[in-house]
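Raw data-v3.tsv, TSV, C-alpha atoms:
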```tsv
chain	number	residue	atom	x	y	z
J	127	MET	CA	108.34	95.28	93.54
J	128	THR	CA	104.79	94.31	94.44
J	129	THR	CA	102.44	96.96	95.79
J	130	GLN	CA	101.68	96.03	99.40
J	131	PRO	CA	98.98	97.00	101.92
J	132	LEU	CA	100.44	99.78	104.06
J	133	GLU	CA	98.80	98.52	107.24
J	134	THR	CA	100.46	95.11	106.80
J	135	LEU	CA	103.92	96.67	106.56
J	136	LEU	CA	103.34	98.86	109.60
J	137	ALA	CA	101.90	96.08	111.73
J	138	ALA	CA	104.88	93.84	110.94
J	139	ASN	CA	107.45	96.42	112.11
J	140	LYS	CA	107.41	97.30	115.81
J	141	TYR	CA	109.73	100.24	115.29
J	142	PRO	CA	109.92	101.79	111.80
J	143	GLY	CA	110.90	105.05	113.53
J	144	ARG	CA	109.78	108.02	111.45
J	145	GLY	CA	108.00	107.43	108.16
J	146	ILE	CA	106.82	109.29	105.06
J	147	ILE	CA	104.10	108.07	102.69
J	148	ILE	CA	103.38	109.99	99.48
J	149	GLY	CA	101.04	108.99	96.67
J	150	THR	CA	97.62	109.41	95.12
J	151	SER	CA	94.20	108.81	96.64
J	152	ALA	CA	92.08	105.81	95.68
J	153	GLY	CA	90.00	107.93	93.30
J	154	GLY	CA	93.06	109.60	91.79
J	155	THR	CA	91.77	113.08	92.63
J	156	HIS	CA	94.09	113.94	95.49
J	157	ALA	CA	97.81	113.96	96.19
J	158	VAL	CA	98.40	112.32	99.58
J	159	ALA	CA	101.14	112.88	102.13
J	160	ALA	CA	101.52	111.30	105.55
J	161	TYR	CA	104.24	111.61	108.17
J	162	PHE	CA	104.47	109.78	111.49
J	163	ILE	CA	106.91	109.78	114.39
J	164	MET	CA	107.60	107.13	117.00
J	165	GLY	CA	109.72	107.15	120.14
J	166	ARG	CA	111.40	104.86	122.64
J	167	SER	CA	112.81	107.42	125.10
J	168	GLU	CA	110.80	109.77	127.31
J	169	ASN	CA	112.24	112.73	125.40
J	170	SER	CA	111.14	111.35	122.03
J	171	ARG	CA	107.70	110.42	123.29
J	172	ASN	CA	107.14	113.85	124.85
J	173	ARG	CA	106.01	115.41	121.57
J	174	ILE	CA	102.96	116.49	119.63
J	175	PHE	CA	102.35	117.92	116.16
J	176	VAL	CA	100.85	121.43	115.99
J	177	GLU	CA	99.80	123.52	113.00
J	178	ASP	CA	102.28	126.16	111.83
J	179	GLY	CA	100.92	128.24	108.96
J	180	ASP	CA	100.27	125.86	106.06
J	181	GLY	CA	102.60	123.29	107.64
J	182	ILE	CA	103.24	121.77	111.04
J	183	ARG	CA	105.97	121.66	113.68
J	184	THR	CA	106.80	119.42	116.60
J	185	GLN	CA	106.37	120.70	120.12
J	186	ALA	CA	107.05	119.34	123.59
J	187	PHE	CA	103.83	118.05	125.14
J	188	ASP	CA	105.20	118.75	128.63
J	189	PRO	CA	107.84	121.50	128.37
J	190	ALA	CA	109.16	120.61	131.84
J	191	LYS	CA	110.23	117.18	130.56
J	192	LEU	CA	112.00	118.45	127.43
J	193	GLN	CA	115.67	117.46	127.43
J	194	ASP	CA	117.71	117.78	124.21
J	195	PRO	CA	115.54	119.52	121.57
J	196	SER	CA	118.16	119.41	118.79
J	197	LEU	CA	116.82	116.42	116.84
J	198	ILE	CA	113.22	116.29	118.00
J	199	ILE	CA	111.93	119.87	117.62
J	200	TYR	CA	111.59	120.92	113.98
J	201	ALA	CA	109.08	121.68	111.21
J	202	PRO	CA	108.28	118.41	109.37
J	203	VAL	CA	105.97	120.05	106.83
J	204	ARG	CA	106.25	123.36	104.99
J	205	VAL	CA	104.60	124.73	101.83
J	206	LEU	CA	106.48	126.72	99.21
J	207	GLY	CA	104.19	127.84	96.40
J	208	THR	CA	102.91	124.72	94.63
J	209	ARG	CA	105.30	122.43	96.53
J	210	THR	CA	104.76	120.69	99.85
J	211	ILE	CA	107.90	119.53	101.66
J	212	VAL	CA	107.78	116.69	104.20
J	213	THR	CA	110.84	115.54	106.16
J	214	ASN	CA	111.96	113.94	109.41
J	215	GLY	CA	114.15	116.84	110.55
J	216	ASP	CA	115.23	120.43	110.16
J	217	GLN	CA	116.27	119.73	106.56
J	218	THR	CA	112.73	120.89	105.75
J	219	ASP	CA	114.07	124.42	106.03
J	220	THR	CA	117.17	123.54	103.98
J	221	ILE	CA	114.99	122.25	101.14
J	222	CYS	CA	112.68	125.28	101.25
J	223	GLU	CA	115.65	127.66	101.13
J	224	GLY	CA	117.22	125.71	98.25
J	225	LEU	CA	114.05	125.57	96.17
J	226	ALA	CA	113.55	129.30	96.73
J	227	ARG	CA	117.05	129.83	95.24
J	228	GLN	CA	116.11	127.72	92.19
J	229	LEU	CA	118.08	124.67	93.33
J	230	THR	CA	116.59	121.23	92.74
J	231	PHE	CA	115.34	119.02	95.56
J	232	GLU	CA	118.47	116.89	95.30
J	233	GLN	CA	120.83	119.87	95.14
J	234	SER	CA	119.17	121.45	98.18
J	235	LEU	CA	120.10	118.41	100.29
J	236	ARG	CA	123.77	118.37	99.28
J	237	SER	CA	124.68	120.37	102.38
J	238	ARG	CA	123.07	117.81	104.72
J	239	GLU	CA	123.71	114.21	105.74
J	240	PHE	CA	122.39	111.64	108.25
J	241	GLU	CA	121.70	112.68	111.84
J	242	PRO	CA	124.68	112.86	114.26
J	243	ASP	CA	123.09	110.48	116.76
J	244	ALA	CA	125.77	107.80	117.13
J	245	PRO	CA	125.61	104.85	117.03
J	246	ASN	CA	122.31	104.93	115.08
J	247	TYR	CA	123.20	107.64	112.54
J	248	THR	CA	119.51	107.95	111.76
J	249	PRO	CA	118.81	108.54	108.05
J	250	ARG	CA	117.36	111.85	106.97
J	251	ILE	CA	114.28	111.11	104.86
J	252	SER	CA	112.59	113.82	102.82
J	253	GLY	CA	109.82	114.20	100.28
J	254	VAL	CA	108.45	116.92	98.03
J	255	LEU	CA	105.04	116.96	96.34
J	256	HIS	CA	104.44	119.20	93.33
J	257	VAL	CA	100.81	119.90	92.44
J	258	GLU	CA	100.29	122.40	89.65
J	259	GLY	CA	98.01	122.81	86.65
J	260	GLY	CA	96.08	119.64	87.37
J	261	SER	CA	99.18	117.43	87.47
J	262	PHE	CA	101.04	115.79	90.33
J	263	GLY	CA	104.48	114.29	90.82
J	264	PHE	CA	106.72	113.72	93.80
J	265	ALA	CA	110.20	112.77	94.88
J	266	LEU	CA	111.71	111.09	97.93
J	267	SER	CA	115.24	111.20	99.33
J	268	ILE	CA	117.25	109.35	101.93
J	269	LEU	CA	120.66	110.37	103.30
J	270	LYS	CA	122.21	107.52	105.27
J	271	SER	CA	125.50	106.24	106.64
J	272	ASP	CA	127.40	103.52	104.82
J	273	CYS	CA	126.37	100.40	106.78
J	274	GLY	CA	126.67	102.30	110.06
J	275	SER	CA	129.96	104.01	109.24
J	276	PRO	CA	129.80	107.80	109.74
J	277	GLU	CA	132.76	108.30	107.40
J	278	SER	CA	130.58	108.01	104.31
J	279	CYS	CA	127.17	109.47	103.44
J	280	GLN	CA	125.04	107.67	100.86
J	281	ARG	CA	122.57	109.83	98.95
J	282	PHE	CA	119.56	108.42	97.10
J	283	THR	CA	116.78	110.32	95.33
J	284	PHE	CA	113.69	108.72	93.78
J	285	ALA	CA	111.34	110.63	91.47
J	286	TYR	CA	107.79	109.59	90.54
J	287	GLU	CA	105.81	111.11	87.67
J	288	LYS	CA	102.06	110.66	87.28
J	289	PRO	CA	101.71	108.12	90.12
J	290	ARG	CA	98.97	105.53	89.73
J	291	ALA	CA	95.70	106.18	91.53
J	292	GLY	CA	95.44	104.49	94.91
J	293	THR	CA	99.17	103.87	95.22
J	294	GLY	CA	102.11	105.54	96.92
J	295	ARG	CA	105.64	105.05	98.20
J	296	PHE	CA	106.67	104.47	101.80
J	297	ILE	CA	110.09	105.28	103.24
J	298	HIS	CA	111.07	105.16	106.90
J	299	THR	CA	114.16	105.43	109.07
J	300	TYR	CA	114.57	101.95	110.58
J	301	ARG	CA	114.06	98.37	109.45
J	302	GLY	CA	113.01	97.52	113.00
J	303	ASP	CA	114.06	97.77	116.63
J	304	GLY	CA	117.63	97.07	117.68
J	305	ALA	CA	120.83	98.42	119.20
J	306	PRO	CA	122.00	100.20	117.16
J	307	LEU	CA	118.83	100.75	115.16
J	308	PRO	CA	119.17	99.27	111.64
J	309	SER	CA	118.71	101.86	108.88
J	310	PHE	CA	116.16	101.54	106.09
J	311	GLU	CA	117.51	99.78	103.00
J	312	GLY	CA	116.47	99.73	99.34
J	313	GLU	CA	114.06	101.95	97.44
J	314	PRO	CA	110.79	103.31	98.87
J	315	VAL	CA	108.21	100.55	99.09
J	316	PRO	CA	105.14	100.64	96.78
J	317	VAL	CA	102.01	100.68	98.96
J	318	GLU	CA	98.27	100.79	98.56
J	319	ILE	CA	96.53	103.98	99.64
J	320	GLY	CA	93.10	102.70	100.50
J	321	GLY	CA	90.10	104.28	102.13
J	322	ALA	CA	87.51	106.58	100.68
J	323	SER	CA	88.50	109.59	102.81
J	324	ILE	CA	91.36	111.28	104.60
J	325	ASP	CA	89.96	110.11	107.93
J	326	GLU	CA	89.88	106.49	106.83
J	327	PHE	CA	93.46	106.66	105.59
J	328	ALA	CA	94.66	108.36	108.77
J	329	GLY	CA	92.87	105.74	110.87
J	330	THR	CA	94.46	102.92	108.88
J	331	ILE	CA	97.96	104.23	109.58
J	332	TRP	CA	97.39	105.13	113.22
J	333	ASN	CA	95.75	101.83	114.12
J	334	ALA	CA	98.53	99.82	112.45
J	335	LEU	CA	101.41	101.57	114.25
J	336	ASP	CA	102.76	99.92	117.39
J	337	ALA	CA	100.65	101.14	120.32
J	338	ASP	CA	103.59	101.57	122.70
J	339	ASN	CA	105.92	103.44	120.35
J	340	LYS	CA	103.68	105.64	118.17
J	341	VAL	CA	103.69	109.34	119.03
J	342	SER	CA	102.07	111.51	116.32
J	343	LEU	CA	100.64	111.36	112.79
J	344	PHE	CA	100.01	113.99	110.13
J	345	VAL	CA	98.01	113.36	106.92
J	346	ARG	CA	97.25	115.78	104.10
J	347	TYR	CA	95.05	115.42	101.00
J	348	ILE	CA	95.68	117.97	98.23
J	349	ASP	CA	93.10	118.39	95.45
J	350	ILE	CA	95.10	117.93	92.25
J	351	ALA	CA	92.67	120.05	90.22
J	352	THR	CA	92.55	123.06	92.56
J	353	GLY	CA	95.47	122.78	94.97
J	354	ALA	CA	93.14	123.08	97.97
J	355	PHE	CA	94.07	120.83	100.88
J	356	GLU	CA	92.80	119.40	104.13
J	357	SER	CA	94.85	117.90	106.94
J	358	ARG	CA	94.53	115.70	110.00
J	359	ILE	CA	96.75	115.49	113.09
J	360	ILE	CA	96.63	112.70	115.67
J	361	ASN	CA	98.69	113.01	118.86
J	362	LYS	CA	98.90	110.11	121.28
J	363	ASN	CA	99.68	112.39	124.24
J	364	GLU	CA	96.60	114.51	123.67
J	365	ASP	CA	94.41	111.42	123.23
J	366	ALA	CA	95.76	110.00	126.49
J	367	ALA	CA	95.18	113.29	128.31
J	368	ARG	CA	91.59	113.45	127.13
J	369	ALA	CA	91.00	109.84	128.10
J	370	GLY	CA	92.45	110.48	131.55
```
Conversion result in structure tokens:
Amino acid sequence: MTTQPLETLLAANKYPGRGIIIGTSAGGTHAVAAYFIMGRSENSRNRIFVEDGDGIRTQAFDPAKLQDPSLIIYAPVRVLGTRTIVTNGDQTDTICEGLARQLTFEQSLRSREFEPDAPNYTPRISGVLHVEGGSFGFALSILKSDCGSPESCQRFTFAYEKPRAGTGRFIHTYRGDGAPLPSFEGEPVPVEIGGASIDEFAGTIWNALDADNKVSLFVRYIDIATGAFESRIINKNEDAARAG
């Protein structure tokens, strides 16, 4: 596959749903992780990202408007030693618990499958970054229904060693808008990770996402040599509140 500009892919898809991008910064010095959420319903749009220790969690922006929290309130990012876990659901905790018991990333997800949100059966997408001793590698996973049938769960894991500088992989839940929503297909897409800084990269993603449907964005840069990291969070609801 050809490495593509991330902003072009995002701009061409009005509703990619939730997405994970993992790769290496343009200078090759930092491991990069990004996670965004989008929403069509009031319940899905009523969310923000907040810091939670070394990770983040979702939270209702207006608690009075929160309806069903089961699939929208979770911790998308957690840190376990030298590993950073990024997912689109509460399987973050499942992975952390599995890794702590010496299971692999893939084995940790064996107890999970796609989300029970018929008729969409939204895929569970997950990633893990491992930065240790000046080296970096990562893996991505998707658990999805078999062409919309809930009778079968398809499990795919993709591992990347020594990723090229300035490149990453992008996986998301939906190929676009629809009823039901069409699940992501194929392997994670090779993308360019441009920009000289975390702020430039975060701005590239946020500005390319559909203005009506985007909700929140998280970006983290991890220094491969030291393990030190910095993060950015952008929440549409908070931006709108400040503007108002």
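As for CA of Asp219 (chain J) and CA of Arg346 (chain J), they are spaced 19.0 Å apart.
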Task: Contacts of Asp180 (chain J) at 9 Å (only C-alpha atoms; same-chain gap of 3+ positions) as a VMD selection string - done: chain J and resid 177 203 to 205
Could those selected residues go to a file with C-alpha atoms, as a PDB file, in the coordinates of the input?
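Output file part.pdb follows:
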```pdb
ATOM      1  CA  GLU J 177      99.800 123.520 113.000  1.00  0.00           C
ATOM      2  CA  VAL J 203     105.970 120.050 106.830  1.00  0.00           C
ATOM      3  CA  ARG J 204     106.250 123.360 104.990  1.00  0.00           C
ATOM      4  CA  VAL J 205     104.600 124.730 101.830  1.00  0.00           C
TER       5      VAL J 205
END
```
Open item on the list: Would you pick out the contacts of Pro289 (chain J) at 7 Å or less, using all atoms listed in the file, so that residues sharing its chain but fewer than 3 positions from it are not included, and give the list as a PyMOL selection string?
Closed with: chain J and resi 149-150+263+286
- [ ] Point out the residue among J:Arg166, J:Phe282, J:Ile221, J:Ile147 with the least atom-to-atom distance to Glu133 (chain J), counting all atoms listed in the file.
- [x] J:Ile147
Task: Residues within 9 Å of Gly154 (chain J), all atoms listed in the file, excluding chain neighbours under 5 positions, as a count of residues only - done: 5
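For the pair CA of Asp338 (chain J) and CA of Lys191 (chain J), the interatomic distance is 18.7 Å.
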- [ ] Please provide as an NGL selection string all residues within 6 Å of Arg295 (chain J), with the sequence filter that same-chain residues fewer than 2 positions apart are discarded (counting only C-alpha atoms).
- [x] :J and (147-148 or 314-317)
- [ ] May I have the residues within 6 Å of Ala160 (chain J) as a ChimeraX atom specification, using all atoms listed in the file and disregarding those fewer than 5 positions away in the same chain?
- [x] /J:146-147,344-345
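The residue that comes closest to His156 (chain J), out of J:Ala337, J:Leu255, J:Ala201, J:Ala305 and on the basis of only C-alpha atoms, is J:Leu255.
From CA of Arg144 (chain J) back to CA of Leu132 (chain J), the distance works out to 14.5 Å.
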Report the closest atom pair, with its distance in Å rounded to one decimal, for each residue of region 138-237 of chain J that has an atom no farther than 9 Å from region 321-334 of chain J; count all atoms listed in the file, sort by chain and then rising residue number, and write it as a Markdown table.
```
| residue | atom | partner | partner_atom | distance |
| --- | --- | --- | --- | --- |
| J:Ala138 | CA | J:Ala334 | CA | 8.9 |
| J:Ser151 | CA | J:Ala322 | CA | 8.1 |
| J:Ala152 | CA | J:Ala322 | CA | 6.8 |
| J:Gly153 | CA | J:Ala322 | CA | 7.9 |
| J:Val158 | CA | J:Ile324 | CA | 8.7 |
| J:Ala160 | CA | J:Ala328 | CA | 8.1 |
| J:Phe162 | CA | J:Trp332 | CA | 8.6 |
```
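With only C-alpha atoms as the atoms that count, the residue of J:Ile198, J:Leu266, J:Ile297, J:Ala367 with the shortest distance to Leu136 (chain J) is J:Ile297.
Of the listed residues J:Cys279, J:Val341, J:Ile319, J:Ile174, the one whose atoms come nearest to Phe296 (chain J) is J:Ile319, with distances taken using only C-alpha atoms.
Of the listed residues J:Cys222, J:Val257, J:Leu229, J:Ala369, the one whose atoms come nearest to Phe355 (chain J) is J:Val257, with distances taken using only C-alpha atoms.
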Task: Shortest interatomic distance to Thr352 (chain J) - which of J:Tyr200, J:Phe240, J:Phe262, J:Tyr247, counting only C-alpha atoms - done: J:Phe262
